[in-house]
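Text of the file my_file03.cif, holding mmCIF, C-alpha atoms:
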```
data_input
loop_
_atom_site.group_PDB
_atom_site.id
_atom_site.type_symbol
_atom_site.label_atom_id
_atom_site.label_comp_id
_atom_site.auth_asym_id
_atom_site.auth_seq_id
_atom_site.Cartn_x
_atom_site.Cartn_y
_atom_site.Cartn_z
ATOM 1 C CA MET A 126 -13.310 7.615 -9.625
ATOM 2 C CA TRP A 127 -11.807 10.710 -11.187
ATOM 3 C CA ASN A 128 -10.994 10.786 -14.897
ATOM 4 C CA MET A 129 -7.402 11.880 -14.315
ATOM 5 C CA ASP A 130 -6.556 12.340 -18.005
ATOM 6 C CA ARG A 131 -9.411 14.795 -18.456
ATOM 7 C CA LEU A 132 -8.707 16.594 -15.172
ATOM 8 C CA ARG A 133 -5.064 16.972 -16.152
ATOM 9 C CA ARG A 134 -6.020 18.358 -19.580
ATOM 10 C CA ILE A 135 -8.350 20.859 -17.954
ATOM 11 C CA THR A 136 -5.716 21.836 -15.374
ATOM 12 C CA ASP A 137 -3.008 22.331 -18.001
ATOM 13 C CA ALA A 138 -5.281 24.245 -20.368
ATOM 14 C CA VAL A 139 -6.571 26.655 -17.703
ATOM 15 C CA GLN A 140 -3.060 27.088 -16.287
ATOM 16 C CA GLU A 141 -1.714 27.951 -19.744
ATOM 17 C CA ALA A 142 -4.538 30.338 -20.658
ATOM 18 C CA GLY A 143 -5.166 31.806 -17.205
ATOM 19 C CA THR A 144 -8.950 31.572 -17.667
ATOM 20 C CA LEU A 145 -11.170 29.385 -19.850
ATOM 21 C CA GLY A 146 -14.903 28.954 -20.265
ATOM 22 C CA VAL A 147 -16.928 25.797 -19.768
ATOM 23 C CA ALA A 148 -17.841 25.655 -23.465
ATOM 24 C CA GLU A 149 -14.181 25.924 -24.516
ATOM 25 C CA LEU A 150 -13.179 23.155 -22.130
ATOM 26 C CA ALA A 151 -16.006 20.957 -23.364
ATOM 27 C CA VAL A 152 -14.707 21.289 -26.938
ATOM 28 C CA LEU A 153 -11.135 20.647 -25.817
ATOM 29 C CA THR A 154 -11.953 17.484 -23.864
ATOM 30 C CA LYS A 155 -14.924 16.269 -25.956
ATOM 31 C CA ALA A 156 -16.951 16.043 -22.732
ATOM 32 C CA SER A 157 -20.370 17.507 -21.947
ATOM 33 C CA GLU A 158 -20.661 20.873 -20.229
ATOM 34 C CA VAL A 159 -22.319 19.110 -17.279
ATOM 35 C CA THR A 160 -19.232 16.900 -16.929
ATOM 36 C CA ILE A 161 -16.919 19.906 -17.214
ATOM 37 C CA ARG A 162 -18.779 21.750 -14.453
ATOM 38 C CA ARG A 163 -18.436 18.688 -12.223
ATOM 39 C CA ASP A 164 -14.714 18.490 -13.026
ATOM 40 C CA LEU A 165 -14.256 22.177 -12.256
ATOM 41 C CA ALA A 166 -15.915 21.651 -8.874
ATOM 42 C CA THR A 167 -13.493 18.802 -8.155
ATOM 43 C CA LEU A 168 -10.473 20.886 -9.187
ATOM 44 C CA ALA A 169 -11.675 23.838 -7.133
ATOM 45 C CA GLU A 170 -11.888 21.589 -4.063
ATOM 46 C CA GLN A 171 -8.277 20.563 -4.683
ATOM 47 C CA GLY A 172 -7.106 24.181 -4.871
ATOM 48 C CA VAL A 173 -6.120 23.925 -8.536
ATOM 49 C CA LEU A 174 -8.478 26.608 -9.866
ATOM 50 C CA GLU A 175 -11.212 29.057 -8.946
ATOM 51 C CA ARG A 176 -14.629 28.812 -10.560
ATOM 52 C CA TYR A 177 -16.599 31.770 -11.879
ATOM 53 C CA HIS A 178 -19.909 31.868 -13.737
ATOM 54 C CA GLY A 179 -19.290 30.070 -17.024
ATOM 55 C CA GLY A 180 -15.665 29.090 -16.507
ATOM 56 C CA ALA A 181 -12.609 28.959 -14.263
ATOM 57 C CA ARG A 182 -9.323 30.732 -13.605
ATOM 58 C CA SER A 183 -6.111 28.992 -12.595
ATOM 59 C CA LEU A 184 -4.700 29.307 -9.085
ATOM 60 C CA LEU A 185 -1.365 27.857 -10.240
ATOM 61 C CA LEU A 186 1.524 29.908 -11.546
ATOM 62 C CA ARG A 187 2.905 28.861 -14.906
ATOM 63 C CA GLY A 188 5.080 25.768 -14.359
ATOM 64 C CA GLU A 189 3.781 25.258 -10.808
ATOM 65 C CA LYS A 190 2.693 21.705 -10.021
ATOM 66 C CA PRO A 191 -0.824 20.896 -8.781
ATOM 67 C CA PRO A 192 -1.399 20.092 -5.081
ATOM 68 C CA PHE A 193 -0.198 16.782 -3.661
ATOM 69 C CA ALA A 194 -3.705 15.373 -3.162
ATOM 70 C CA PHE A 195 -4.449 15.862 -6.856
ATOM 71 C CA ARG A 196 -1.141 14.416 -8.082
ATOM 72 C CA ALA A 197 -1.442 11.388 -5.794
ATOM 73 C CA HIS A 198 -4.302 10.044 -7.951
ATOM 74 C CA GLU A 199 -2.538 10.727 -11.245
ATOM 75 C CA GLY A 200 -0.979 7.693 -12.929
ATOM 76 C CA LEU A 201 -1.404 5.703 -9.715
ATOM 77 C CA GLU A 202 -1.077 2.254 -11.316
ATOM 78 C CA ILE A 203 2.204 3.244 -12.977
ATOM 79 C CA LYS A 204 3.554 4.641 -9.699
ATOM 80 C CA GLN A 205 2.607 1.423 -7.917
ATOM 81 C CA ARG A 206 4.429 -0.668 -10.532
ATOM 82 C CA ILE A 207 7.516 1.513 -10.175
ATOM 83 C CA ALA A 208 7.286 1.185 -6.386
ATOM 84 C CA ALA A 209 7.020 -2.614 -6.589
ATOM 85 C CA LYS A 210 10.154 -2.720 -8.766
ATOM 86 C CA VAL A 211 12.038 -0.526 -6.280
ATOM 87 C CA ALA A 212 10.945 -2.779 -3.411
ATOM 88 C CA GLU A 213 12.483 -5.744 -5.263
ATOM 89 C CA LEU A 214 15.825 -3.904 -5.349
ATOM 90 C CA ILE A 215 15.926 -3.370 -1.570
ATOM 91 C CA THR A 216 17.107 -6.162 0.715
ATOM 92 C CA ASP A 217 15.808 -6.752 4.238
ATOM 93 C CA GLY A 218 18.162 -5.238 6.797
ATOM 94 C CA GLU A 219 18.970 -2.155 4.687
ATOM 95 C CA SER A 220 18.712 1.435 5.859
ATOM 96 C CA VAL A 221 16.752 3.531 3.376
ATOM 97 C CA VAL A 222 15.926 7.219 2.979
ATOM 98 C CA ILE A 223 12.754 7.793 0.964
ATOM 99 C CA ASP A 224 12.277 11.154 -0.725
ATOM 100 C CA SER A 225 9.052 13.169 -0.819
ATOM 101 C CA GLY A 226 6.600 13.071 -3.720
ATOM 102 C CA THR A 227 3.760 10.873 -4.879
ATOM 103 C CA THR A 228 5.850 8.106 -6.467
ATOM 104 C CA CYS A 229 8.058 7.907 -3.386
ATOM 105 C CA LEU A 230 4.932 7.652 -1.246
ATOM 106 C CA GLU A 231 4.028 4.497 -3.183
ATOM 107 C CA VAL A 232 7.556 3.190 -2.542
ATOM 108 C CA ALA A 233 6.987 3.697 1.196
ATOM 109 C CA ARG A 234 3.715 1.795 0.971
ATOM 110 C CA ALA A 235 5.414 -1.024 -0.947
ATOM 111 C CA LEU A 236 7.990 -1.397 1.851
ATOM 112 C CA ARG A 237 5.507 -1.733 4.722
ATOM 113 C CA GLY A 238 6.122 -4.824 6.816
ATOM 114 C CA ARG A 239 9.749 -5.229 5.658
ATOM 115 C CA ARG A 240 12.683 -5.503 8.109
ATOM 116 C CA LEU A 241 14.227 -2.157 7.275
ATOM 117 C CA THR A 242 15.366 1.085 8.857
ATOM 118 C CA VAL A 243 13.604 3.889 6.969
ATOM 119 C CA MET A 244 13.716 7.682 7.080
ATOM 120 C CA PRO A 245 10.863 9.170 5.010
ATOM 121 C CA LEU A 246 11.133 12.799 3.897
ATOM 122 C CA SER A 247 7.405 13.535 3.832
ATOM 123 C CA LEU A 248 4.594 13.388 6.357
ATOM 124 C CA GLN A 249 2.549 11.205 4.003
ATOM 125 C CA ALA A 250 5.300 8.578 3.890
ATOM 126 C CA VAL A 251 5.797 8.795 7.659
ATOM 127 C CA ASN A 252 2.093 8.067 8.111
ATOM 128 C CA ALA A 253 2.246 5.217 5.586
ATOM 129 C CA LEU A 254 5.050 3.556 7.544
ATOM 130 C CA ALA A 255 3.805 4.383 11.064
ATOM 131 C CA ALA A 256 1.294 1.541 11.164
ATOM 132 C CA PRO A 257 1.816 -0.834 14.116
ATOM 133 C CA VAL A 258 4.199 -3.135 12.255
ATOM 134 C CA GLU A 259 7.220 -4.002 14.370
ATOM 135 C CA ALA A 260 9.450 -4.943 11.434
ATOM 136 C CA ILE A 261 10.282 -1.384 10.315
ATOM 137 C CA THR A 262 12.497 0.916 12.359
ATOM 138 C CA LEU A 263 11.155 4.370 11.538
ATOM 139 C CA LEU A 264 13.374 7.457 11.704
ATOM 140 C CA VAL A 265 11.760 10.894 11.356
ATOM 141 C CA PRO A 266 13.914 13.841 10.244
ATOM 142 C CA GLY A 267 13.936 17.239 11.881
ATOM 143 C CA GLY A 268 12.698 20.332 10.106
ATOM 144 C CA ARG A 269 9.464 22.121 9.390
ATOM 145 C CA PRO A 270 7.079 20.157 7.137
ATOM 146 C CA ARG A 271 5.226 22.094 4.474
ATOM 147 C CA LEU A 272 1.569 21.548 5.169
ATOM 148 C CA GLN A 273 0.236 21.173 1.610
ATOM 149 C CA GLU A 274 3.071 19.013 0.261
ATOM 150 C CA GLY A 275 4.044 17.383 3.560
ATOM 151 C CA THR A 276 7.744 17.629 2.670
ATOM 152 C CA PHE A 277 10.467 18.148 5.261
ATOM 153 C CA ALA A 278 12.829 20.980 4.347
ATOM 154 C CA GLY A 279 15.352 23.386 5.818
ATOM 155 C CA PRO A 280 18.586 23.155 7.810
ATOM 156 C CA LEU A 281 17.245 20.721 10.429
ATOM 157 C CA THR A 282 16.223 18.250 7.728
ATOM 158 C CA ARG A 283 19.595 18.594 6.023
ATOM 159 C CA ALA A 284 21.389 18.106 9.373
ATOM 160 C CA SER A 285 19.377 14.926 10.011
ATOM 161 C CA LEU A 286 20.541 13.511 6.695
ATOM 162 C CA GLU A 287 24.152 14.611 7.154
ATOM 163 C CA ALA A 288 24.309 12.791 10.512
ATOM 164 C CA LEU A 289 23.433 9.414 8.955
ATOM 165 C CA ARG A 290 24.685 7.014 6.295
ATOM 166 C CA PHE A 291 22.085 4.999 4.400
ATOM 167 C CA ASP A 292 22.429 1.943 2.230
ATOM 168 C CA THR A 293 19.942 3.295 -0.302
ATOM 169 C CA ALA A 294 18.335 6.621 -1.154
ATOM 170 C CA VAL A 295 15.127 6.590 -3.207
ATOM 171 C CA ILE A 296 14.878 9.972 -4.926
ATOM 172 C CA GLY A 297 12.003 11.549 -6.844
ATOM 173 C CA CYS A 298 12.239 14.338 -9.401
ATOM 174 C CA SER A 299 10.354 16.852 -11.515
ATOM 175 C CA GLY A 300 12.639 16.242 -14.473
ATOM 176 C CA LEU A 301 15.431 13.803 -15.300
ATOM 177 C CA ASN A 302 17.499 13.487 -18.455
ATOM 178 C CA ALA A 303 21.091 13.009 -19.536
ATOM 179 C CA GLY A 304 21.514 16.636 -20.549
ATOM 180 C CA HIS A 305 20.170 18.473 -17.511
ATOM 181 C CA GLY A 306 20.422 15.801 -14.826
ATOM 182 C CA LEU A 307 17.918 15.483 -11.989
ATOM 183 C CA THR A 308 15.933 18.673 -11.402
ATOM 184 C CA VAL A 309 13.010 19.918 -9.279
ATOM 185 C CA HIS A 310 10.905 23.068 -9.114
ATOM 186 C CA ASP A 311 11.703 24.050 -5.524
ATOM 187 C CA LEU A 312 15.127 25.277 -4.344
ATOM 188 C CA ASP A 313 14.731 24.044 -0.752
ATOM 189 C CA GLU A 314 13.594 20.657 -2.034
ATOM 190 C CA ALA A 315 16.696 20.470 -4.217
ATOM 191 C CA ASP A 316 18.890 21.093 -1.174
ATOM 192 C CA VAL A 317 17.300 18.210 0.750
ATOM 193 C CA LYS A 318 17.587 15.857 -2.223
ATOM 194 C CA ARG A 319 21.307 16.639 -2.577
ATOM 195 C CA ALA A 320 21.815 15.839 1.112
ATOM 196 C CA ALA A 321 19.900 12.566 0.746
ATOM 197 C CA ILE A 322 22.003 11.570 -2.271
ATOM 198 C CA ALA A 323 25.219 12.382 -0.406
ATOM 199 C CA SER A 324 24.115 10.297 2.577
ATOM 200 C CA ALA A 325 23.644 7.030 0.655
ATOM 201 C CA ARG A 326 25.873 4.346 -0.845
ATOM 202 C CA ARG A 327 23.329 3.683 -3.604
ATOM 203 C CA VAL A 328 20.884 6.079 -5.252
ATOM 204 C CA ILE A 329 17.688 4.896 -6.946
ATOM 205 C CA ALA A 330 15.830 7.594 -8.885
ATOM 206 C CA VAL A 331 12.144 7.074 -9.609
ATOM 207 C CA GLY A 332 9.813 8.799 -12.037
ATOM 208 C CA LYS A 333 7.200 8.208 -14.685
ATOM 209 C CA ALA A 334 8.336 8.275 -18.308
ATOM 210 C CA GLY A 335 7.152 11.854 -18.843
ATOM 211 C CA LYS A 336 9.742 13.117 -16.355
ATOM 212 C CA LEU A 337 12.481 12.100 -18.803
ATOM 213 C CA GLN A 338 11.265 14.751 -21.237
ATOM 214 C CA ARG A 339 11.349 17.601 -18.714
ATOM 215 C CA SER A 340 13.700 19.766 -16.733
ATOM 216 C CA ALA A 341 12.855 22.111 -13.863
ATOM 217 C CA LEU A 342 14.406 25.216 -12.324
ATOM 218 C CA ALA A 343 16.541 23.747 -9.540
ATOM 219 C CA PHE A 344 19.446 21.451 -10.426
ATOM 220 C CA VAL A 345 19.978 18.605 -7.953
ATOM 221 C CA ALA A 346 22.599 16.298 -9.454
ATOM 222 C CA PRO A 347 23.938 14.986 -12.760
ATOM 223 C CA VAL A 348 22.724 11.570 -13.890
ATOM 224 C CA THR A 349 26.184 10.219 -13.025
ATOM 225 C CA ALA A 350 25.238 10.627 -9.341
ATOM 226 C CA LEU A 351 22.553 7.950 -9.799
ATOM 227 C CA ASP A 352 23.027 4.198 -9.694
ATOM 228 C CA VAL A 353 19.587 3.074 -10.827
ATOM 229 C CA LEU A 354 16.605 4.685 -12.552
ATOM 230 C CA VAL A 355 13.210 2.988 -12.282
ATOM 231 C CA THR A 356 10.640 4.323 -14.744
ATOM 232 C CA ASP A 357 7.793 2.916 -16.801
ATOM 233 C CA ALA A 358 7.922 1.047 -20.092
ATOM 234 C CA SER A 359 6.758 4.024 -22.187
ATOM 235 C CA ALA A 360 10.016 5.903 -21.530
ATOM 236 C CA ASP A 361 11.672 7.406 -24.607
ATOM 237 C CA ASP A 362 14.203 4.878 -25.935
ATOM 238 C CA GLU A 363 16.715 7.539 -26.959
ATOM 239 C CA GLU A 364 16.713 9.144 -23.532
ATOM 240 C CA VAL A 365 16.955 5.758 -21.804
ATOM 241 C CA VAL A 366 20.028 4.915 -23.908
ATOM 242 C CA ALA A 367 21.626 8.277 -23.060
ATOM 243 C CA ILE A 368 21.021 7.817 -19.328
ATOM 244 C CA ALA A 369 22.326 4.249 -19.443
ATOM 245 C CA ALA A 370 25.437 5.485 -21.282
ATOM 246 C CA ALA A 371 26.188 7.635 -18.234
ATOM 247 C CA GLY A 372 26.502 4.460 -16.157
ATOM 248 C CA VAL A 373 22.962 4.323 -14.755
ATOM 249 C CA THR A 374 21.122 0.993 -14.667
ATOM 250 C CA VAL A 375 17.665 1.682 -16.132
ATOM 251 C CA GLN A 376 14.820 -0.609 -15.117
ATOM 252 C CA THR A 377 11.251 -0.328 -16.381
ATOM 253 C CA ALA A 378 8.075 -1.356 -14.606
#
```
What's the structure tokens form of this structure?
Amino acid sequence: MWNMDRLRRITDAVQEAGTLGVAELAVLTKASEVTIRRDLATLAEQGVLERYHGGARSLLLRGEKPPFAFRAHEGLEIKQRIAAKVAELITDGESVVIDSGTTCLEVARALRGRRLTVMPLSLQAVNALAAPVEAITLLVPGGRPRLQEGTFAGPLTRASLEALRFDTAVIGCSGLNAGHGLTVHDLDEADVKRAAIASARRVIAVGKAGKLQRSALAFVAPVTALDVLVTDASADDEEVVAIAAAGVTVQTA
């Protein structure tokens, strides 16, 4: 099993510096150089960085998020708790659009076997729900999926959402707070999220507590566009109060 805390520290440090040596990373993480070399091999396989003799250089631009496969392992237990809480909020018979992203993928997994109509906005979530379980009615949007992230984007995806009306939209984010609203790094992703929000009677935003301290480039919607936020119990109390003051029901998992 990966040590995700250490891998994340290495990823962030190399991304910030551009290049770092094995010895420097060993001091930073308090791990042996043998362990650091093994971690660098793992991160290189995930496309996060490139190794060179004695160190590594980042393959991520500043502010760019790591690949999906890497993020899917990060904070998995928290994401699963958030997903279980979201599943409790959804009633059998509902129609649901599930956003892309690693937390939303866990929501899709938590809904398997339920009597629902579901449109996932990522290939990973489509695959999670495509098991031979007759209960779920699966709708797949149009558009061109991005191979690394698996997200559906573009005018065909937006048209698919605009043609339908869902009971609930489950929306992920890169950042979410009362001041800057719900934000993401990618402009096309923001466009799809806005269409998903507009297509639903109820909007449930999901994200780990750290997302409440961040904002990203592309604005999606103000917090007033959300009905519910499901996050984890370590969320900043002040930010939770501010989001709740905007009329959002905040639930922690």
Using all atoms listed in the file, find the one residue out of A:Thr242, A:Gln338, A:Ser359, A:Thr136 that sits nearest to Leu150 in chain A. A:Thr136
Where does range 284-315 of chain A meet range 202-223 of chain A within 9 Å, residue by residue, with the nearest atom pair and distance in Å to one decimal for each, counting only C-alpha atoms, listed by chain and rising number, as CSV?
```
residue,atom,partner,partner_atom,distance
A:Leu286,CA,A:Val222,CA,8.6
A:Arg290,CA,A:Ser220,CA,8.2
A:Phe291,CA,A:Ser220,CA,5.1
A:Asp292,CA,A:Ser220,CA,5.2
A:Thr293,CA,A:Val221,CA,4.9
A:Ala294,CA,A:Val222,CA,4.8
A:Val295,CA,A:Ile223,CA,4.9
A:Ile296,CA,A:Ile223,CA,6.6
A:Gly297,CA,A:Ile223,CA,8.7
```
The distance between CA of Gly267 in chain A and CA of Val345 in chain A is 20.8 Å
Go through A:Thr356, A:Thr154, A:Ser285, A:Gln171 and flag the residue nearest Ala197 in chain A, using only C-alpha atoms for the distances.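 The answer is A:Gln171, which sits nearest to Ala197 in chain A.
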Rounded to one decimal in Å, what is the spacing between CA of Thr374 in chain A and CA of Leu354 in chain A? 6.2 Å
Point-to-point distance in Å for CA of Pro192 in chain A and CA of Ala278 in chain A: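 Spanning CA of Ala278 in chain A to CA of Pro192 in chain A is a straight-line distance of 17.1 Å.
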Shortest contact to Gly300 in chain A, candidates A:Val355, A:Ala341, A:Ile261, A:Val317, atoms counted all atoms listed in the file, goes to A:Ala341
Applying 12 Å and only C-alpha atoms, which residues near Val375 in chain A remain after dropping the ones on its own chain fewer than 6 positions away? List them as a list in words.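 My list of contacting residues is Ile207, Lys210, Val211, Ile329, Ala330, Val331, Gly332, Ala334, Leu337, Val348, Leu351, Asp352, Val353, Leu354, Val355, Thr356, Asp357, Ala358, Ala360, Asp361, Asp362, Glu364, Val365, Val366, Ala367, Ile368 and Ala369 of chain A.
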I need the residue set behind the PyMOL selection byres ((chain A and resi 299) around 6) for this file; please write it as an MDAnalysis selection string. chainID A and resid 298 300 308:309
C-alpha atoms of the current selection, written as a PDB file, in the coordinates of the input:
```
ATOM      1  CA  CYS A 298      12.239  14.338  -9.401  1.00  0.00           C
ATOM      2  CA  GLY A 300      12.639  16.242 -14.473  1.00  0.00           C
ATOM      3  CA  THR A 308      15.933  18.673 -11.402  1.00  0.00           C
ATOM      4  CA  VAL A 309      13.010  19.918  -9.279  1.00  0.00           C
TER       5      VAL A 309
END
```
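Take the candidates A:Arg182, A:Arg234, A:Lys318, A:His310 and check each one against Ala343 in chain A using all atoms listed in the file; the shortest distance goes to A:His310.
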Nearby residues (only C-alpha atoms) at most 12 Å from Thr167 in chain A, same-chain spacing under 2 positions excluded, as a PyMOL selection string: chain A and resi 126-129+131-133+135-136+160-165+169-176+181+194-195
Find the residue from A:Leu301, A:Leu236, A:Leu248, A:Ala350 that sits nearest to Gln273 in chain A; use all atoms listed in the file when measuring. A:Leu248
Compile the contact shell of Gly275 in chain A as a ChimeraX atom specification: residues with an atom at most 8 Å away, counting all atoms listed in the file, same-chain residues fewer than 3 positions apart removed. /A:225,247-249,270-272
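With distances restricted to all atoms listed in the file, A:Leu184 is the closest residue to Val139 in chain A from A:Ala320, A:Leu184, A:Ala156, A:Ala151.
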Pop range 201-290 of chain A out of the structure in the block and write C-alpha atoms as a PDB file, in the first residue's frame.
```pdb
ATOM      1  CA  LEU A 201      -9.722   7.134   0.062  1.00  0.00           C
ATOM      2  CA  GLU A 202     -11.351   6.375   3.429  1.00  0.00           C
ATOM      3  CA  ILE A 203     -12.545   9.976   3.757  1.00  0.00           C
ATOM      4  CA  LYS A 204     -13.944   9.938   0.213  1.00  0.00           C
ATOM      5  CA  GLN A 205     -15.776   6.693   0.952  1.00  0.00           C
ATOM      6  CA  ARG A 206     -17.330   8.183   4.098  1.00  0.00           C
ATOM      7  CA  ILE A 207     -18.450  11.238   2.141  1.00  0.00           C
ATOM      8  CA  ALA A 208     -19.885   8.960  -0.555  1.00  0.00           C
ATOM      9  CA  ALA A 209     -21.806   6.895   2.011  1.00  0.00           C
ATOM     10  CA  LYS A 210     -23.334  10.089   3.440  1.00  0.00           C
ATOM     11  CA  VAL A 211     -24.366  11.238  -0.046  1.00  0.00           C
ATOM     12  CA  ALA A 212     -25.941   7.840  -0.736  1.00  0.00           C
ATOM     13  CA  GLU A 213     -28.077   8.286   2.397  1.00  0.00           C
ATOM     14  CA  LEU A 214     -29.413  11.564   0.971  1.00  0.00           C
ATOM     15  CA  ILE A 215     -30.589   9.968  -2.292  1.00  0.00           C
ATOM     16  CA  THR A 216     -33.909   8.133  -2.424  1.00  0.00           C
ATOM     17  CA  ASP A 217     -34.620   5.129  -4.643  1.00  0.00           C
ATOM     18  CA  GLY A 218     -36.413   6.205  -7.807  1.00  0.00           C
ATOM     19  CA  GLU A 219     -34.435   9.452  -8.195  1.00  0.00           C
ATOM     20  CA  SER A 220     -32.615  10.553 -11.325  1.00  0.00           C
ATOM     21  CA  VAL A 221     -29.055  11.595 -10.525  1.00  0.00           C
ATOM     22  CA  VAL A 222     -26.179  13.168 -12.448  1.00  0.00           C
ATOM     23  CA  ILE A 223     -22.792  12.350 -10.930  1.00  0.00           C
ATOM     24  CA  ASP A 224     -19.876  14.654 -11.687  1.00  0.00           C
ATOM     25  CA  SER A 225     -16.335  13.566 -12.552  1.00  0.00           C
ATOM     26  CA  GLY A 226     -13.528  13.342 -10.001  1.00  0.00           C
ATOM     27  CA  THR A 227     -12.298  10.859  -7.440  1.00  0.00           C
ATOM     28  CA  THR A 228     -14.820  11.647  -4.689  1.00  0.00           C
ATOM     29  CA  CYS A 229     -17.690  11.458  -7.168  1.00  0.00           C
ATOM     30  CA  LEU A 230     -16.363   8.100  -8.343  1.00  0.00           C
ATOM     31  CA  GLU A 231     -16.803   6.831  -4.776  1.00  0.00           C
ATOM     32  CA  VAL A 232     -20.360   8.215  -4.809  1.00  0.00           C
ATOM     33  CA  ALA A 233     -21.048   6.170  -7.955  1.00  0.00           C
ATOM     34  CA  ARG A 234     -19.684   3.068  -6.256  1.00  0.00           C
ATOM     35  CA  ALA A 235     -21.828   3.734  -3.179  1.00  0.00           C
ATOM     36  CA  LEU A 236     -24.960   3.849  -5.366  1.00  0.00           C
ATOM     37  CA  ARG A 237     -24.419   0.509  -7.120  1.00  0.00           C
ATOM     38  CA  GLY A 238     -27.430  -1.768  -6.860  1.00  0.00           C
ATOM     39  CA  ARG A 239     -29.869   1.080  -6.079  1.00  0.00           C
ATOM     40  CA  ARG A 240     -33.073   1.669  -8.097  1.00  0.00           C
ATOM     41  CA  LEU A 241     -31.955   4.898  -9.710  1.00  0.00           C
ATOM     42  CA  THR A 242     -31.503   6.553 -13.080  1.00  0.00           C
ATOM     43  CA  VAL A 243     -27.901   7.795 -13.204  1.00  0.00           C
ATOM     44  CA  MET A 244     -25.836   9.799 -15.680  1.00  0.00           C
ATOM     45  CA  PRO A 245     -22.133   9.705 -14.727  1.00  0.00           C
ATOM     46  CA  LEU A 246     -19.820  12.360 -16.172  1.00  0.00           C
ATOM     47  CA  SER A 247     -16.663  10.246 -16.205  1.00  0.00           C
ATOM     48  CA  LEU A 248     -15.647   6.960 -17.778  1.00  0.00           C
ATOM     49  CA  GLN A 249     -14.541   5.639 -14.382  1.00  0.00           C
ATOM     50  CA  ALA A 250     -18.012   6.192 -12.926  1.00  0.00           C
ATOM     51  CA  VAL A 251     -19.655   4.704 -16.022  1.00  0.00           C
ATOM     52  CA  ASN A 252     -17.552   1.574 -15.539  1.00  0.00           C
ATOM     53  CA  ALA A 253     -18.364   1.486 -11.816  1.00  0.00           C
ATOM     54  CA  LEU A 254     -22.091   1.514 -12.571  1.00  0.00           C
ATOM     55  CA  ALA A 255     -22.022  -0.709 -15.681  1.00  0.00           C
ATOM     56  CA  ALA A 256     -21.874  -3.955 -13.720  1.00  0.00           C
ATOM     57  CA  PRO A 257     -24.724  -6.361 -14.562  1.00  0.00           C
ATOM     58  CA  VAL A 258     -27.088  -4.989 -11.923  1.00  0.00           C
ATOM     59  CA  GLU A 259     -30.573  -4.479 -13.319  1.00  0.00           C
ATOM     60  CA  ALA A 260     -31.641  -1.945 -10.688  1.00  0.00           C
ATOM     61  CA  ILE A 261     -29.776   1.058 -12.142  1.00  0.00           C
ATOM     62  CA  THR A 262     -30.823   2.714 -15.387  1.00  0.00           C
ATOM     63  CA  LEU A 263     -27.549   4.032 -16.784  1.00  0.00           C
ATOM     64  CA  LEU A 264     -27.443   7.070 -19.075  1.00  0.00           C
ATOM     65  CA  VAL A 265     -24.158   7.951 -20.799  1.00  0.00           C
ATOM     66  CA  PRO A 266     -23.610  11.528 -22.008  1.00  0.00           C
ATOM     67  CA  GLY A 267     -22.277  12.479 -25.406  1.00  0.00           C
ATOM     68  CA  GLY A 268     -18.931  14.170 -25.850  1.00  0.00           C
ATOM     69  CA  ARG A 269     -15.282  13.277 -26.092  1.00  0.00           C
ATOM     70  CA  PRO A 270     -13.840  11.788 -22.878  1.00  0.00           C
ATOM     71  CA  ARG A 271     -10.383  12.913 -21.850  1.00  0.00           C
ATOM     72  CA  LEU A 272      -8.299   9.786 -21.673  1.00  0.00           C
ATOM     73  CA  GLN A 273      -6.219  10.515 -18.554  1.00  0.00           C
ATOM     74  CA  GLU A 274      -9.022  12.005 -16.445  1.00  0.00           C
ATOM     75  CA  GLY A 275     -11.900  10.116 -18.068  1.00  0.00           C
ATOM     76  CA  THR A 276     -14.115  13.216 -17.911  1.00  0.00           C
ATOM     77  CA  PHE A 277     -16.762  14.004 -20.513  1.00  0.00           C
ATOM     78  CA  ALA A 278     -16.504  17.561 -21.824  1.00  0.00           C
ATOM     79  CA  GLY A 279     -17.499  19.776 -24.725  1.00  0.00           C
ATOM     80  CA  PRO A 280     -20.726  20.828 -26.446  1.00  0.00           C
ATOM     81  CA  LEU A 281     -22.132  17.296 -26.805  1.00  0.00           C
ATOM     82  CA  THR A 282     -21.806  16.698 -23.066  1.00  0.00           C
ATOM     83  CA  ARG A 283     -23.423  20.046 -22.307  1.00  0.00           C
ATOM     84  CA  ALA A 284     -26.258  19.286 -24.769  1.00  0.00           C
ATOM     85  CA  SER A 285     -26.867  15.927 -23.063  1.00  0.00           C
ATOM     86  CA  LEU A 286     -27.292  17.683 -19.733  1.00  0.00           C
ATOM     87  CA  GLU A 287     -29.453  20.475 -21.144  1.00  0.00           C
ATOM     88  CA  ALA A 288     -31.870  17.902 -22.610  1.00  0.00           C
ATOM     89  CA  LEU A 289     -32.601  16.341 -19.201  1.00  0.00           C
ATOM     90  CA  ARG A 290     -33.901  17.305 -15.768  1.00  0.00           C
TER      91      ARG A 290
END
```
